[in-house]
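Listing of query_1.txt, compact mmCIF, C-alpha atoms
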```txt
# COMPACT_ATOMS: atom_id res chain seq x y z
CA MET A 1 176.61 162.61 -146.39
CA ILE A 2 172.86 162.71 -146.01
CA TRP A 3 172.61 166.29 -147.29
CA ASP A 4 174.45 165.33 -150.47
CA GLN A 5 171.90 162.54 -150.97
CA VAL A 6 169.07 165.02 -150.42
CA VAL A 7 170.45 167.41 -153.03
CA GLU A 8 171.07 164.55 -155.47
CA PHE A 9 167.53 163.24 -155.01
CA LEU A 10 165.98 166.68 -155.47
CA GLN A 11 168.02 167.27 -158.63
CA GLU A 12 166.84 164.09 -160.34
CA PRO A 13 164.28 164.81 -163.11
CA SER A 14 162.12 161.86 -161.97
CA THR A 15 161.69 163.55 -158.59
CA TRP A 16 159.56 166.30 -160.15
CA SER A 17 157.94 164.58 -163.14
CA GLY A 18 156.54 161.13 -163.83
CA PRO A 19 154.48 158.61 -161.86
CA ASN A 20 156.90 158.57 -158.92
CA SER A 21 157.36 162.33 -158.67
CA ILE A 22 156.71 164.43 -155.58
CA PRO A 23 153.58 166.10 -157.05
CA VAL A 24 152.01 162.72 -157.87
CA ARG A 25 152.91 161.16 -154.51
CA LEU A 26 151.69 164.26 -152.69
CA LEU A 27 148.33 164.19 -154.49
CA GLN A 28 147.97 160.47 -153.74
CA HIS A 29 148.66 161.10 -150.06
CA ILE A 30 146.19 163.99 -149.86
CA TRP A 31 143.53 162.09 -151.79
CA MET A 32 143.76 159.05 -149.53
CA SER A 33 143.76 161.13 -146.35
CA VAL A 34 140.79 163.24 -147.43
CA ALA A 35 138.84 160.20 -148.68
CA ALA A 36 139.34 158.28 -145.43
CA THR A 37 138.33 161.27 -143.29
CA VAL A 38 135.27 162.08 -145.41
CA VAL A 39 134.04 158.47 -145.26
CA ALA A 40 134.59 158.40 -141.50
CA VAL A 41 132.61 161.63 -141.14
CA ALA A 42 129.79 160.26 -143.30
CA LEU A 43 129.61 157.10 -141.20
CA MET A 44 130.08 158.55 -137.72
CA LEU A 45 128.64 162.07 -137.74
CA PRO A 46 124.92 161.25 -138.20
CA LEU A 47 125.01 158.53 -135.54
CA ALA A 48 126.98 160.71 -133.13
CA LEU A 49 124.60 163.66 -133.61
CA TRP A 50 121.60 161.42 -132.99
CA LEU A 51 123.06 159.83 -129.86
CA GLY A 52 124.31 163.17 -128.57
CA HIS A 53 120.89 164.75 -129.09
CA ARG A 54 119.10 161.85 -127.41
CA ARG A 55 121.65 161.86 -124.57
CA ARG A 56 121.53 158.10 -124.24
CA GLY A 57 123.55 155.11 -125.42
CA ALA A 58 126.59 157.26 -126.13
CA GLU A 59 128.84 155.48 -123.62
CA LEU A 60 128.22 152.04 -125.06
CA ALA A 61 128.56 153.20 -128.66
CA GLY A 62 131.70 155.14 -127.79
CA ALA A 63 133.24 152.07 -126.20
CA VAL A 64 132.53 150.01 -129.33
CA VAL A 65 133.96 152.60 -131.70
CA ASN A 66 137.01 153.18 -129.50
CA ILE A 67 138.05 149.58 -130.03
CA GLY A 68 139.65 150.99 -133.16
CA ARG A 69 142.03 152.93 -130.94
CA ALA A 70 143.18 149.77 -129.19
CA ILE A 71 144.08 148.02 -132.45
CA PRO A 72 147.24 149.36 -134.14
CA SER A 73 146.69 150.77 -137.63
CA PHE A 74 149.30 148.38 -138.99
CA GLY A 75 147.35 145.46 -137.52
CA ILE A 76 144.16 146.67 -139.20
CA LEU A 77 146.09 147.06 -142.44
CA VAL A 78 147.44 143.49 -142.30
CA LEU A 79 144.02 142.03 -141.43
CA THR A 80 142.43 143.97 -144.29
CA VAL A 81 145.04 142.76 -146.76
CA MET A 82 144.49 139.13 -145.70
CA LEU A 83 140.71 139.50 -145.99
CA LEU A 84 140.90 141.10 -149.42
CA LEU A 85 143.26 138.39 -150.60
CA GLU A 86 140.67 135.81 -149.57
CA LEU A 87 138.04 137.77 -151.53
CA GLY A 88 140.27 137.93 -154.59
CA VAL A 89 140.91 141.69 -154.38
CA SER A 90 144.39 142.86 -155.34
CA VAL A 91 146.39 144.27 -152.44
CA LEU A 92 147.90 146.70 -154.94
CA SER A 93 144.61 148.61 -154.78
CA PRO A 94 144.16 151.43 -152.25
CA TRP A 95 141.34 149.58 -150.42
CA PRO A 96 143.41 148.05 -147.59
CA VAL A 97 144.92 151.42 -146.74
CA LEU A 98 141.59 153.22 -147.02
CA ILE A 99 139.82 150.80 -144.65
CA ALA A 100 142.61 151.02 -142.08
CA LEU A 101 142.59 154.82 -142.18
CA ILE A 102 138.80 154.99 -141.85
CA ALA A 103 139.04 152.86 -138.71
CA LEU A 104 141.68 155.27 -137.39
CA ALA A 105 139.70 158.41 -138.25
CA ALA A 106 136.34 157.29 -136.85
CA PRO A 107 136.84 157.41 -133.03
CA PRO A 108 137.82 161.10 -132.62
CA ILE A 109 135.02 162.23 -134.92
CA PHE A 110 132.48 160.10 -133.08
CA THR A 111 133.50 160.92 -129.52
CA ASN A 112 134.04 164.65 -130.10
CA THR A 113 130.69 165.04 -131.82
CA ILE A 114 128.84 163.35 -128.97
CA ALA A 115 130.78 165.32 -126.36
CA GLY A 116 130.12 168.58 -128.17
CA VAL A 117 126.38 168.04 -128.58
CA GLN A 118 125.92 166.80 -125.03
CA GLY A 119 127.90 169.78 -123.80
CA VAL A 120 125.25 172.21 -125.01
CA SER A 121 123.41 173.70 -122.05
CA HIS A 122 120.18 171.89 -121.17
CA ALA A 123 118.55 175.26 -120.51
CA THR A 124 119.43 176.41 -124.02
CA VAL A 125 117.94 173.25 -125.52
CA GLU A 126 114.73 173.58 -123.51
CA ALA A 127 114.43 177.26 -124.42
CA ALA A 128 114.70 176.37 -128.11
CA ARG A 129 112.00 173.72 -127.68
CA GLY A 130 109.82 176.31 -125.97
CA MET A 131 110.19 178.54 -129.03
CA GLY A 132 108.62 175.80 -131.14
CA LEU A 133 111.69 174.31 -132.82
CA THR A 134 111.34 170.73 -134.00
CA GLU A 135 113.93 168.16 -132.98
CA GLN A 136 115.65 168.39 -136.38
CA GLN A 137 115.68 172.18 -136.21
CA LEU A 138 117.03 171.97 -132.68
CA VAL A 139 119.97 169.85 -133.85
CA GLY A 140 120.70 171.94 -136.95
CA ARG A 141 120.14 175.43 -135.55
CA VAL A 142 121.21 175.10 -131.93
CA GLU A 143 123.23 172.03 -131.02
CA VAL A 144 125.46 171.80 -134.10
CA PRO A 145 126.42 175.52 -134.19
CA LEU A 146 127.15 175.61 -130.47
CA SER A 147 129.14 172.37 -130.54
CA SER A 148 130.93 173.10 -133.84
CA PRO A 149 134.31 173.93 -132.22
CA VAL A 150 134.42 170.54 -130.49
CA ILE A 151 133.19 168.71 -133.60
CA ILE A 152 135.80 170.36 -135.82
CA GLU A 153 138.43 169.50 -133.22
CA GLY A 154 137.52 165.85 -133.80
CA PHE A 155 137.91 166.37 -137.55
CA ARG A 156 141.31 167.97 -136.98
CA ILE A 157 142.59 165.17 -134.76
CA SER A 158 141.39 162.53 -137.22
CA PHE A 159 142.78 164.22 -140.33
CA VAL A 160 146.23 164.85 -138.88
CA GLN A 161 146.44 161.26 -137.59
CA VAL A 162 145.38 159.94 -140.97
CA ILE A 163 147.99 162.02 -142.81
CA ALA A 164 150.74 160.66 -140.55
CA THR A 165 149.51 157.06 -140.68
CA ALA A 166 148.89 156.98 -144.45
CA THR A 167 152.64 156.44 -144.87
CA LEU A 168 151.96 152.81 -143.86
CA GLY A 169 150.25 152.39 -147.22
CA ALA A 170 153.67 152.08 -148.81
CA LEU A 171 154.14 148.78 -146.96
CA VAL A 172 151.48 147.21 -149.20
CA THR A 173 152.98 148.78 -152.34
CA TRP A 174 150.42 151.59 -152.42
CA GLY A 175 151.74 155.05 -153.28
CA GLY A 176 151.72 158.25 -151.27
CA LEU A 177 154.65 159.98 -149.62
CA GLY A 178 155.41 156.83 -147.62
CA ARG A 179 156.92 155.33 -150.76
CA TYR A 180 159.93 157.63 -150.40
CA ILE A 181 160.53 156.31 -146.89
CA VAL A 182 160.10 152.63 -147.80
CA ASP A 183 162.02 152.90 -151.08
CA GLY A 184 164.70 154.93 -149.33
CA PHE A 185 165.29 152.13 -146.83
CA ASN A 186 165.35 149.55 -149.62
CA GLN A 187 167.85 151.60 -151.63
CA GLN A 188 169.80 152.77 -148.56
CA ASN A 189 169.12 156.34 -149.65
CA ASN A 190 168.88 158.46 -146.52
CA GLY A 191 168.24 161.55 -148.60
CA MET A 192 165.05 160.06 -150.04
CA ILE A 193 163.94 158.99 -146.54
CA LEU A 194 164.51 162.49 -145.16
CA VAL A 195 162.62 164.17 -148.01
CA GLY A 196 159.67 161.82 -147.55
CA ALA A 197 159.57 162.35 -143.78
CA VAL A 198 159.79 166.14 -144.12
CA LEU A 199 157.00 166.21 -146.70
CA VAL A 200 154.69 164.16 -144.46
CA ALA A 201 155.51 166.41 -141.49
CA LEU A 202 154.87 169.59 -143.50
CA LEU A 203 151.56 168.24 -144.79
CA ALA A 204 150.46 167.38 -141.24
CA VAL A 205 151.46 170.84 -139.97
CA ILE A 206 149.56 172.57 -142.80
CA ALA A 207 146.47 170.48 -142.03
CA GLU A 208 146.79 171.23 -138.30
CA VAL A 209 147.05 174.99 -138.83
CA SER A 210 144.30 175.12 -141.45
CA LEU A 211 141.77 173.20 -139.36
CA THR A 212 142.68 175.19 -136.25
CA LEU A 213 141.86 178.39 -138.15
CA LEU A 214 138.64 176.80 -139.40
CA GLN A 215 137.76 175.82 -135.84
CA ARG A 216 138.20 179.41 -134.69
CA ALA A 217 136.16 180.75 -137.61
CA ALA A 218 133.35 178.27 -136.92
CA THR A 219 133.12 179.20 -133.26
CA PRO A 220 129.99 181.34 -132.74
CA LYS A 221 130.77 184.94 -131.82
CA GLY A 222 129.11 184.60 -128.43
CA LEU A 223 131.33 181.67 -127.50
CA ARG A 224 134.46 183.52 -128.62
CA ILE A 225 133.52 186.48 -126.44
CA GLY A 226 132.79 184.14 -123.54
CA ARG A 227 136.19 182.57 -123.89
```
As structure tokens, please, write out the structure in this file.
Amino acid sequence: MIWDQVVEFLQEPSTWSGPNSIPVRLLQHIWMSVAATVVAVALMLPLALWLGHRRRGAELAGAVVNIGRAIPSFGILVLTVMLLLELGVSVLSPWPVLIALIALAAPPIFTNTIAGVQGVSHATVEAARGMGLTEQQLVGRVEVPLSSPVIIEGFRISFVQVIATATLGALVTWGGLGRYIVDGFNQQNNGMILVGAVLVALLAVIAEVSLTLLQRAATPKGLRIGR
């Protein structure tokens, strides 16, 4: 029975200590997900803020970035592995997974940031200019605070998607919680598969709830009252 396999897997000492333990795999999964999202933010946020503030070129740039949505993450992962093999980089490294996850995380961050900044009232922007704010001050003091709920929503979508998709890393022998699913299939251990799937689901739910609370906290008081 699958529940007997779950209990047996959870009772094994190696499940809780050692290089293949749940704490180690969980930290690997979190580290990879956070790293991919942070890199995507660093690459996409400045460009999206600039385009959103200028209110031009956003459609073309958005179309280019959204190509990443049309290509399956597994396809990006395979292409990255092949490219790194040609360059002499070991596929056992986390680089193939990291690159694939960055490509997955980038579109929501980019599109939400542009949509949020461009959604700020033109009258509000012009009033801030009339008060003598520079363009940089306008972005930092007006547009970013007012668009922060939409921007954080992009972060939330990206991070949750990355957490779920990072399980694919196990297909190129990288670690993370996906190893329990892949190894469980190889060993015909349904208990290990179930534990791995539940852990990934719980991690995604925790990230979803945490970023939703952050989104609410970052919403300016005036917008909360308006809503």
Per-residue nearest contacts segment 74-152 of chain A to segment 171-185 of chain A, cut-off 10 Å, using only C-alpha atoms, as JSON lines:
```
{"residue": "A:Phe74", "atom": "CA", "partner": "A:Leu171", "partner_atom": "CA", "distance": 9.3}
{"residue": "A:Leu77", "atom": "CA", "partner": "A:Val172", "partner_atom": "CA", "distance": 8.6}
{"residue": "A:Val78", "atom": "CA", "partner": "A:Val172", "partner_atom": "CA", "distance": 8.8}
{"residue": "A:Val81", "atom": "CA", "partner": "A:Val172", "partner_atom": "CA", "distance": 8.2}
{"residue": "A:Val91", "atom": "CA", "partner": "A:Val172", "partner_atom": "CA", "distance": 6.7}
{"residue": "A:Leu92", "atom": "CA", "partner": "A:Trp174", "partner_atom": "CA", "distance": 6.1}
{"residue": "A:Ser93", "atom": "CA", "partner": "A:Trp174", "partner_atom": "CA", "distance": 6.9}
{"residue": "A:Pro94", "atom": "CA", "partner": "A:Trp174", "partner_atom": "CA", "distance": 6.3}
{"residue": "A:Trp95", "atom": "CA", "partner": "A:Trp174", "partner_atom": "CA", "distance": 9.5}
{"residue": "A:Pro96", "atom": "CA", "partner": "A:Val172", "partner_atom": "CA", "distance": 8.3}
{"residue": "A:Val97", "atom": "CA", "partner": "A:Trp174", "partner_atom": "CA", "distance": 7.9}
```
Discussion item. Nearest residue to Ile157 of chain A out of A:Ile109, A:Met32, A:Leu84, A:Val7, using only C-alpha atoms?
Written reply: A:Ile109
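Nearest to Leu211 of chain A of all the residues A:Glu143, A:Ile151, A:Leu168, A:Leu199 is A:Ile151, based on all atoms listed in the file.
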Worksheet item: Just how far from atom CA of Ala218 of chain A is atom CA of Ile114 of chain A, in Å to one decimal?
Response: 17.5 Å
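Of the residues listed (A:Gly18, A:Pro145, A:Gly119, A:Gly154), A:Gly154 shows the shortest atom-to-atom separation from Met44 of chain A; distances use all atoms listed in the file.
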Worksheet item: Quick one: distance from atom CA of Gly169 of chain A to atom CA of Leu43 of chain A in Å, one decimal?
Response: 22.0 Å
Item to complete: Compile the contact shell of Gly191 of chain A as a ChimeraX atom specification: residues with an atom at most 6 Å away, counting all atoms listed in the file, same-chain residues fewer than 4 positions apart removed.
Response: /A:2,5-6
Worksheet item: What is the atom CA of Leu104 of chain A-atom CA of Thr167 of chain A distance in Å, reported with one decimal?
Response: 13.3 Å
Worksheet item: In terms of the shortest atom-to-atom distance over only C-alpha atoms, which of A:Gln188, A:Ile163, A:Arg54, A:Glu8 is closest to Leu138 of chain A?
Response: A:Arg54
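Taking all atoms listed in the file into account, Ala100 of chain A lies nearest to A:Ala166 out of the set A:Leu146, A:Leu202, A:Val125, A:Ala166.
Residue nearest Thr111 of chain A, chosen from A:Ser158, A:Thr134, A:Ser90, A:Ser17 and counting all atoms listed in the file: A:Ser158.
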Contacts of Arg129 of chain A at 12 Å (only C-alpha atoms; same-chain gap of 5+ positions) as a CSV table (one decimal) with C-alpha atoms, keeping the file's coordinate frame:
```csv
chain,number,residue,atom,x,y,z
A,122,HIS,CA,120.2,171.9,-121.2
A,123,ALA,CA,118.6,175.3,-120.5
A,124,THR,CA,119.4,176.4,-124.0
A,134,THR,CA,111.3,170.7,-134.0
A,135,GLU,CA,113.9,168.2,-133.0
A,136,GLN,CA,115.6,168.4,-136.4
A,137,GLN,CA,115.7,172.2,-136.2
A,138,LEU,CA,117.0,172.0,-132.7
A,139,VAL,CA,120.0,169.8,-133.8
A,141,ARG,CA,120.1,175.4,-135.6
A,142,VAL,CA,121.2,175.1,-131.9
A,143,GLU,CA,123.2,172.0,-131.0
```
Item to complete: Find the residues around Pro149 of chain A up to 9 Å (only C-alpha atoms counted), leave out those fewer than 5 positions away in its own chain, and share them as a ChimeraX atom specification.
Response: /A:116,154,214-220
Discussion item. Would you pick out the contacts of Val150 of chain A at 8 Å or less, using only C-alpha atoms, so that residues sharing its chain but fewer than 5 positions from it are not included, and give the list as number ranges by chain?
Written reply: A: 112-113, 115-116
Discussion item. Residues within 10 Å of Leu51 of chain A, please, as a ChimeraX atom specification. Count only C-alpha atoms; anything in the same chain fewer than 6 positions from it doesn't count.
Written reply: /A:45,57-59,61,110,113-114,117-118
Please give the centre and size of the box around segment 204-216 of chain A (axis-aligned, containing every atom listed in the file, 4 Å added per side), with values in Å to one decimal and written as lines of an AutoDock Vina configuration file.
```
center_x = 144.6
center_y = 173.4
center_z = -138.7
size_x = 21.7
size_y = 20.0
size_z = 16.1
```
